[in-house]
Structure formats: structure tokens, C-alpha cells
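*Asks:* My file is data.txt. It has compact mmCIF, N, CA and C atoms:
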```txt
# COMPACT_ATOMS: atom_id res chain seq x y z
N MET X 1 82.37 127.67 143.15
CA MET X 1 82.66 127.40 144.54
C MET X 1 82.30 125.94 144.81
N LEU X 2 83.17 125.28 145.49
CA LEU X 2 82.97 123.87 145.78
C LEU X 2 82.05 123.68 146.98
N ASP X 3 82.36 124.34 148.08
CA ASP X 3 81.59 124.15 149.31
C ASP X 3 81.89 125.30 150.25
N LEU X 4 81.04 125.48 151.22
CA LEU X 4 81.25 126.46 152.27
C LEU X 4 81.24 125.68 153.57
N VAL X 5 82.37 125.66 154.27
CA VAL X 5 82.53 124.83 155.46
C VAL X 5 82.89 125.71 156.65
N ALA X 6 82.16 125.55 157.75
CA ALA X 6 82.48 126.28 158.97
C ALA X 6 83.51 125.47 159.76
N LEU X 7 84.63 126.11 160.08
CA LEU X 7 85.64 125.48 160.93
C LEU X 7 85.38 125.96 162.35
N LYS X 8 84.81 125.10 163.16
CA LYS X 8 84.27 125.53 164.46
C LYS X 8 85.29 125.62 165.57
N GLU X 9 86.34 124.80 165.53
CA GLU X 9 87.27 124.79 166.65
C GLU X 9 88.57 125.52 166.33
N THR X 10 89.32 125.02 165.36
CA THR X 10 90.57 125.67 164.99
C THR X 10 90.61 125.86 163.47
N THR X 11 91.47 126.76 163.04
CA THR X 11 91.57 127.06 161.60
C THR X 11 93.01 126.91 161.14
N ARG X 12 93.66 125.86 161.59
CA ARG X 12 95.03 125.58 161.17
C ARG X 12 95.01 125.05 159.74
N GLY X 13 96.19 124.99 159.14
CA GLY X 13 96.31 124.47 157.79
C GLY X 13 95.75 123.06 157.67
N VAL X 14 96.03 122.23 158.67
CA VAL X 14 95.55 120.85 158.65
C VAL X 14 94.03 120.80 158.72
N ASP X 15 93.43 121.70 159.47
CA ASP X 15 91.96 121.75 159.56
C ASP X 15 91.34 122.11 158.21
N ILE X 16 91.96 123.07 157.54
CA ILE X 16 91.47 123.49 156.23
C ILE X 16 91.65 122.36 155.22
N LYS X 17 92.81 121.69 155.27
CA LYS X 17 93.06 120.57 154.36
C LYS X 17 92.06 119.44 154.59
N ASN X 18 91.79 119.11 155.84
CA ASN X 18 90.80 118.06 156.13
C ASN X 18 89.42 118.43 155.61
N ALA X 19 89.04 119.69 155.77
CA ALA X 19 87.74 120.15 155.26
C ALA X 19 87.72 120.08 153.73
N LEU X 20 88.83 120.44 153.09
CA LEU X 20 88.93 120.36 151.64
C LEU X 20 88.83 118.92 151.17
N ASP X 21 89.54 118.02 151.85
CA ASP X 21 89.47 116.59 151.50
C ASP X 21 88.04 116.07 151.57
N ARG X 22 87.34 116.42 152.64
CA ARG X 22 85.94 115.97 152.80
C ARG X 22 85.05 116.55 151.70
N ALA X 23 85.24 117.83 151.37
CA ALA X 23 84.41 118.47 150.34
C ALA X 23 84.68 117.85 148.97
N LEU X 24 85.94 117.58 148.66
CA LEU X 24 86.26 116.95 147.38
C LEU X 24 85.69 115.56 147.29
N THR X 25 85.76 114.81 148.38
CA THR X 25 85.21 113.45 148.41
C THR X 25 83.69 113.49 148.27
N LYS X 26 83.07 114.38 149.03
CA LYS X 26 81.60 114.51 149.01
C LYS X 26 81.10 114.87 147.61
N ALA X 27 81.82 115.74 146.92
CA ALA X 27 81.41 116.18 145.58
C ALA X 27 81.89 115.21 144.50
N ASP X 28 82.65 114.21 144.88
CA ASP X 28 83.18 113.21 143.95
C ASP X 28 83.95 113.86 142.80
N ILE X 29 84.84 114.78 143.16
CA ILE X 29 85.65 115.49 142.18
C ILE X 29 87.01 114.80 142.08
N PRO X 30 87.40 114.35 140.91
CA PRO X 30 88.70 113.70 140.76
C PRO X 30 89.83 114.71 140.94
N LEU X 31 90.82 114.35 141.72
CA LEU X 31 91.93 115.26 142.01
C LEU X 31 92.77 115.58 140.77
N ASP X 32 92.74 114.71 139.77
CA ASP X 32 93.54 115.00 138.58
C ASP X 32 93.01 116.21 137.81
N LYS X 33 91.85 116.71 138.20
CA LYS X 33 91.28 117.91 137.57
C LYS X 33 91.83 119.19 138.21
N LEU X 34 92.51 119.06 139.35
CA LEU X 34 93.04 120.21 140.06
C LEU X 34 94.28 120.73 139.34
N ILE X 35 94.27 122.00 138.98
CA ILE X 35 95.43 122.57 138.31
C ILE X 35 96.01 123.76 139.07
N SER X 36 95.19 124.40 139.91
CA SER X 36 95.67 125.57 140.63
C SER X 36 94.86 125.76 141.90
N VAL X 37 95.48 126.41 142.88
CA VAL X 37 94.80 126.73 144.13
C VAL X 37 95.12 128.19 144.45
N ALA X 38 94.08 129.01 144.62
CA ALA X 38 94.26 130.42 144.98
C ALA X 38 93.94 130.59 146.45
N THR X 39 94.83 131.23 147.18
CA THR X 39 94.63 131.45 148.61
C THR X 39 95.00 132.87 148.97
N ALA X 40 94.56 133.28 150.15
CA ALA X 40 95.04 134.52 150.74
C ALA X 40 96.44 134.23 151.27
N GLY X 41 97.18 135.24 151.59
CA GLY X 41 98.56 135.06 152.00
C GLY X 41 98.77 134.79 153.48
N VAL X 42 97.75 134.36 154.18
CA VAL X 42 97.89 134.13 155.62
C VAL X 42 98.61 132.81 155.90
N PRO X 43 99.28 132.69 157.06
CA PRO X 43 100.08 131.50 157.36
C PRO X 43 99.31 130.17 157.31
N THR X 44 98.04 130.17 157.68
CA THR X 44 97.30 128.90 157.63
C THR X 44 97.17 128.39 156.21
N LYS X 45 97.29 129.26 155.24
CA LYS X 45 97.19 128.84 153.84
C LYS X 45 98.56 128.63 153.20
N VAL X 46 99.50 129.52 153.47
CA VAL X 46 100.78 129.45 152.77
C VAL X 46 101.98 129.32 153.71
N GLY X 47 101.74 128.97 154.97
CA GLY X 47 102.84 128.80 155.92
C GLY X 47 103.83 127.76 155.44
N LYS X 48 105.12 127.97 155.74
CA LYS X 48 106.19 127.12 155.23
C LYS X 48 106.17 125.71 155.83
N ASN X 49 105.63 125.54 157.03
CA ASN X 49 105.68 124.24 157.69
C ASN X 49 104.35 123.49 157.68
N ALA X 50 103.28 124.19 157.96
CA ALA X 50 101.99 123.49 158.10
C ALA X 50 100.85 124.23 157.44
N GLY X 51 101.15 125.02 156.43
CA GLY X 51 100.10 125.72 155.70
C GLY X 51 99.39 124.77 154.74
N LEU X 52 98.22 125.15 154.31
CA LEU X 52 97.41 124.33 153.40
C LEU X 52 98.19 123.93 152.15
N ILE X 53 98.88 124.87 151.54
CA ILE X 53 99.59 124.58 150.29
C ILE X 53 100.68 123.54 150.52
N VAL X 54 101.45 123.68 151.59
CA VAL X 54 102.52 122.71 151.90
C VAL X 54 101.92 121.33 152.14
N LEU X 55 100.81 121.28 152.87
CA LEU X 55 100.16 120.00 153.15
C LEU X 55 99.65 119.35 151.87
N MET X 56 99.09 120.15 150.98
CA MET X 56 98.60 119.61 149.71
C MET X 56 99.75 119.12 148.84
N GLU X 57 100.84 119.89 148.81
CA GLU X 57 101.99 119.50 147.99
C GLU X 57 102.67 118.22 148.52
N SER X 58 102.60 118.01 149.83
CA SER X 58 103.24 116.82 150.40
C SER X 58 102.33 115.59 150.39
N ASP X 59 101.07 115.78 150.04
CA ASP X 59 100.12 114.67 149.98
C ASP X 59 100.21 114.03 148.59
N PRO X 60 100.61 112.74 148.54
CA PRO X 60 100.78 112.10 147.24
C PRO X 60 99.49 111.94 146.44
N SER X 61 98.34 112.08 147.08
CA SER X 61 97.08 111.94 146.34
C SER X 61 96.76 113.20 145.51
N PHE X 62 97.42 114.32 145.83
CA PHE X 62 97.21 115.55 145.07
C PHE X 62 98.21 115.61 143.91
N PRO X 63 97.76 116.02 142.72
CA PRO X 63 98.68 116.18 141.60
C PRO X 63 99.49 117.47 141.79
N GLU X 64 100.46 117.68 140.93
CA GLU X 64 101.15 118.97 140.94
C GLU X 64 100.16 120.05 140.56
N PHE X 65 100.21 121.18 141.24
CA PHE X 65 99.30 122.28 140.96
C PHE X 65 100.05 123.59 141.13
N LEU X 66 99.48 124.63 140.60
CA LEU X 66 100.08 125.95 140.68
C LEU X 66 99.42 126.74 141.80
N PRO X 67 100.13 127.02 142.89
CA PRO X 67 99.55 127.86 143.94
C PRO X 67 99.67 129.34 143.55
N VAL X 68 98.59 130.08 143.68
CA VAL X 68 98.62 131.51 143.37
C VAL X 68 98.01 132.29 144.51
N HIS X 69 98.47 133.51 144.67
CA HIS X 69 97.94 134.39 145.71
C HIS X 69 96.72 135.11 145.14
N CYS X 70 95.62 135.04 145.85
CA CYS X 70 94.37 135.65 145.40
C CYS X 70 94.54 137.17 145.32
N ILE X 71 94.07 137.76 144.24
CA ILE X 71 94.24 139.20 144.06
C ILE X 71 92.96 139.98 144.35
N ILE X 72 91.90 139.30 144.73
CA ILE X 72 90.62 140.00 144.93
C ILE X 72 90.73 141.05 146.03
N ARG X 73 91.42 140.73 147.13
CA ARG X 73 91.56 141.70 148.22
C ARG X 73 92.31 142.94 147.73
N ARG X 74 93.35 142.75 146.96
CA ARG X 74 94.11 143.89 146.43
C ARG X 74 93.24 144.75 145.52
N GLU X 75 92.44 144.09 144.69
CA GLU X 75 91.55 144.84 143.81
C GLU X 75 90.54 145.64 144.61
N HIS X 76 90.02 145.03 145.68
CA HIS X 76 89.06 145.73 146.54
C HIS X 76 89.70 146.95 147.18
N LEU X 77 90.92 146.79 147.69
CA LEU X 77 91.62 147.92 148.32
C LEU X 77 91.87 149.03 147.31
N ALA X 78 92.28 148.67 146.11
CA ALA X 78 92.53 149.67 145.07
C ALA X 78 91.25 150.40 144.70
N ALA X 79 90.17 149.66 144.55
CA ALA X 79 88.88 150.27 144.19
C ALA X 79 88.40 151.19 145.29
N THR X 80 88.64 150.81 146.55
CA THR X 80 88.23 151.64 147.68
C THR X 80 89.06 152.92 147.73
N TYR X 81 90.35 152.77 147.49
CA TYR X 81 91.25 153.92 147.56
C TYR X 81 91.01 154.91 146.42
N PHE X 82 90.89 154.41 145.20
CA PHE X 82 90.77 155.29 144.05
C PHE X 82 89.36 155.79 143.80
N LYS X 83 88.38 155.14 144.39
CA LYS X 83 86.97 155.57 144.31
C LYS X 83 86.52 155.86 142.88
N TYR X 84 86.46 154.81 142.09
CA TYR X 84 86.02 154.94 140.70
C TYR X 84 84.50 154.77 140.61
N GLU X 85 83.76 155.69 141.24
CA GLU X 85 82.31 155.57 141.24
C GLU X 85 81.73 155.56 139.83
N ASP X 86 82.29 156.39 138.97
CA ASP X 86 81.77 156.47 137.59
C ASP X 86 81.95 155.15 136.86
N VAL X 87 83.06 154.48 137.10
CA VAL X 87 83.31 153.20 136.45
C VAL X 87 82.46 152.11 137.10
N VAL X 88 82.51 152.04 138.41
CA VAL X 88 81.81 150.99 139.14
C VAL X 88 80.30 151.07 138.93
N LYS X 89 79.79 152.27 138.73
CA LYS X 89 78.36 152.46 138.52
C LYS X 89 77.89 151.75 137.25
N PHE X 90 78.73 151.74 136.21
CA PHE X 90 78.32 151.18 134.93
C PHE X 90 78.67 149.70 134.75
N VAL X 91 79.56 149.18 135.57
CA VAL X 91 79.98 147.79 135.41
C VAL X 91 78.80 146.82 135.53
N PRO X 92 77.95 146.92 136.56
CA PRO X 92 76.80 145.99 136.62
C PRO X 92 75.88 146.12 135.40
N GLU X 93 75.70 147.32 134.90
CA GLU X 93 74.86 147.51 133.72
C GLU X 93 75.46 146.82 132.50
N ILE X 94 76.76 146.94 132.33
CA ILE X 94 77.44 146.30 131.20
C ILE X 94 77.36 144.79 131.31
N VAL X 95 77.65 144.28 132.50
CA VAL X 95 77.58 142.83 132.73
C VAL X 95 76.17 142.32 132.47
N ASN X 96 75.17 143.00 132.99
CA ASN X 96 73.78 142.58 132.77
C ASN X 96 73.41 142.63 131.29
N PHE X 97 73.85 143.66 130.59
CA PHE X 97 73.56 143.77 129.16
C PHE X 97 74.13 142.58 128.41
N ILE X 98 75.38 142.24 128.71
CA ILE X 98 76.03 141.12 128.02
C ILE X 98 75.36 139.80 128.37
N ARG X 99 75.08 139.58 129.64
CA ARG X 99 74.54 138.29 130.07
C ARG X 99 73.09 138.10 129.67
N LEU X 100 72.32 139.16 129.59
CA LEU X 100 70.90 139.03 129.28
C LEU X 100 70.63 138.94 127.78
N ASN X 101 71.58 139.31 126.98
CA ASN X 101 71.43 139.26 125.53
C ASN X 101 72.22 138.07 125.01
N ARG X 102 71.53 137.04 124.58
CA ARG X 102 72.19 135.79 124.17
C ARG X 102 73.22 136.03 123.07
N LYS X 103 72.88 136.83 122.08
CA LYS X 103 73.80 137.07 120.97
C LYS X 103 75.06 137.79 121.45
N THR X 104 74.89 138.81 122.26
CA THR X 104 76.03 139.56 122.79
C THR X 104 76.90 138.67 123.67
N HIS X 105 76.26 137.86 124.48
CA HIS X 105 76.99 136.95 125.36
C HIS X 105 77.82 135.97 124.54
N GLN X 106 77.23 135.43 123.49
CA GLN X 106 77.96 134.49 122.62
C GLN X 106 79.11 135.18 121.91
N GLN X 107 78.88 136.42 121.46
CA GLN X 107 79.96 137.17 120.80
C GLN X 107 81.13 137.40 121.75
N LEU X 108 80.84 137.73 122.99
CA LEU X 108 81.90 137.93 123.98
C LEU X 108 82.65 136.63 124.24
N LYS X 109 81.93 135.52 124.38
CA LYS X 109 82.58 134.23 124.59
C LYS X 109 83.49 133.89 123.42
N ASN X 110 83.02 134.12 122.19
CA ASN X 110 83.82 133.84 121.01
C ASN X 110 85.07 134.73 120.98
N PHE X 111 84.91 135.99 121.34
CA PHE X 111 86.03 136.91 121.38
C PHE X 111 87.09 136.46 122.39
N ILE X 112 86.64 136.04 123.55
CA ILE X 112 87.57 135.60 124.61
C ILE X 112 88.32 134.34 124.18
N GLU X 113 87.60 133.41 123.55
CA GLU X 113 88.26 132.18 123.07
C GLU X 113 89.25 132.51 121.99
```
Could I get this structure in the form of C-alpha cells?

*Replies:*
Amino acid sequence: MLDLVALKETTRGVDIKNALDRALTKADIPLDKLISVATAGVPTKVGKNAGLIVLMESDPSFPEFLPVHCIIRREHLAATYFKYEDVVKFVPEIVNFIRLNRKTHQQLKNFIE
């Protein structure tokens, strides 16, 4: 996560873009490192005229990037609907086991690569 910014007055696409510009500048992150942007599907983010993605694409300081729709909300809805308590109960245990054991964590990283 880059930053958490409260938008106090309005939450238009331009407001979000301005907050993003300030956060990127403050963190001294080079824009050429940007390859993708994930957003929710709301108009302030993906609106055809003044959404965040359109504003970023029309700004010459931003490189070409791949806009993607965030899937976390869909996963949450699916998990809520299907109620996989048995699966969800063990996921934190598995994650903790992998992360707390250096050898296992390294094996997983090697497998993923």
C-alpha cells in the first residue's frame, strides 16, 4: 500500500488523481515503475469521461499501464455466499505455518518462481 488519504470534500476522479499524484511525489516513486492499476468498478475510478483511469491515461507523465478491475469484493461475496467455514478456518493456520518456518517459506517462494 502506498498511502491512505482521506478525501474530505469530494471524491471525484480528479480528486483521487490529485491525491495519487501527491502520494507518488511524497514517496518519491518513479512513474516508470507503474505497470498496472487495480480499481473498483465505480464511476469515479473507471468513468468514461472523468474517472481516475481516464485521467491517468490522458496524463503524459504516466506511462502506459494495464487497468484491471479488483476482484477482492467478488471473492468476499463468493466466500460469504458459499460459507466455506472449514476451508477458511484452516487458511490462517496454513499461512502462519508457511511464513513462520523459514525453510517452508523459501520452498514456497522457489515453487512460485

*Asks:* For region 23-32 of chain X, work out the shell of residues within 7 Å, counting only N, CA and C atoms and skipping chain neighbours fewer than 4 positions away, then give it as an MDAnalysis selection string.

*Replies:* chainID X and resid 2:3 18:19 61:63

*Asks:* Residues of chain X classed as strand (DSSP E or B) by DSSP on the backbone are to be reported as a list in words.

*Replies:*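 Answer for chain X restricted to strand (DSSP E or B) is Ser36, Val37, Ala38, Thr39, Leu66, Pro67, Val68 and His69 of chain X.
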
*Asks:* Using all atoms listed in the file for the distances, tell me which of X:Ile71, X:Ser58, X:Glu64, X:Arg22 is nearest to Ala38 (chain X).

*Replies:*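 Once distances to Ala38 (chain X) are computed over all atoms listed in the file, the minimum belongs to X:Ile71.
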
*Asks:* For the atom pair CA of Phe111 (chain X) and CA of Leu66 (chain X), what is the interatomic distance in Å to one decimal place?

*Replies:*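 Between CA of Phe111 (chain X) and CA of Leu66 (chain X) the gap is 26.3 Å.
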
*Asks:* Could you check which of X:Asn96, X:Gly13, X:Phe65, X:Asp86 is closest to Val46 (chain X), using all atoms listed in the file?

*Replies:*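 Nearest to Val46 (chain X): X:Gly13.
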
*Asks:* Rounded to one decimal, what separation in Å do you get between atom N of Pro43 (chain X) and CA of Phe82 (chain X)?

*Replies:* 27.4 Å

*Asks:* Enclose all atoms of region 4-10 of chain X listed in the file in an axis-aligned box, grow every side by 6 Å, and hand back centre and edge lengths in Å to one decimal, as JSON.

*Replies:*
```
{"center_x": 85.8, "center_y": 125.6, "center_z": 158.9, "size_x": 21.6, "size_y": 13.7, "size_z": 27.4}
```
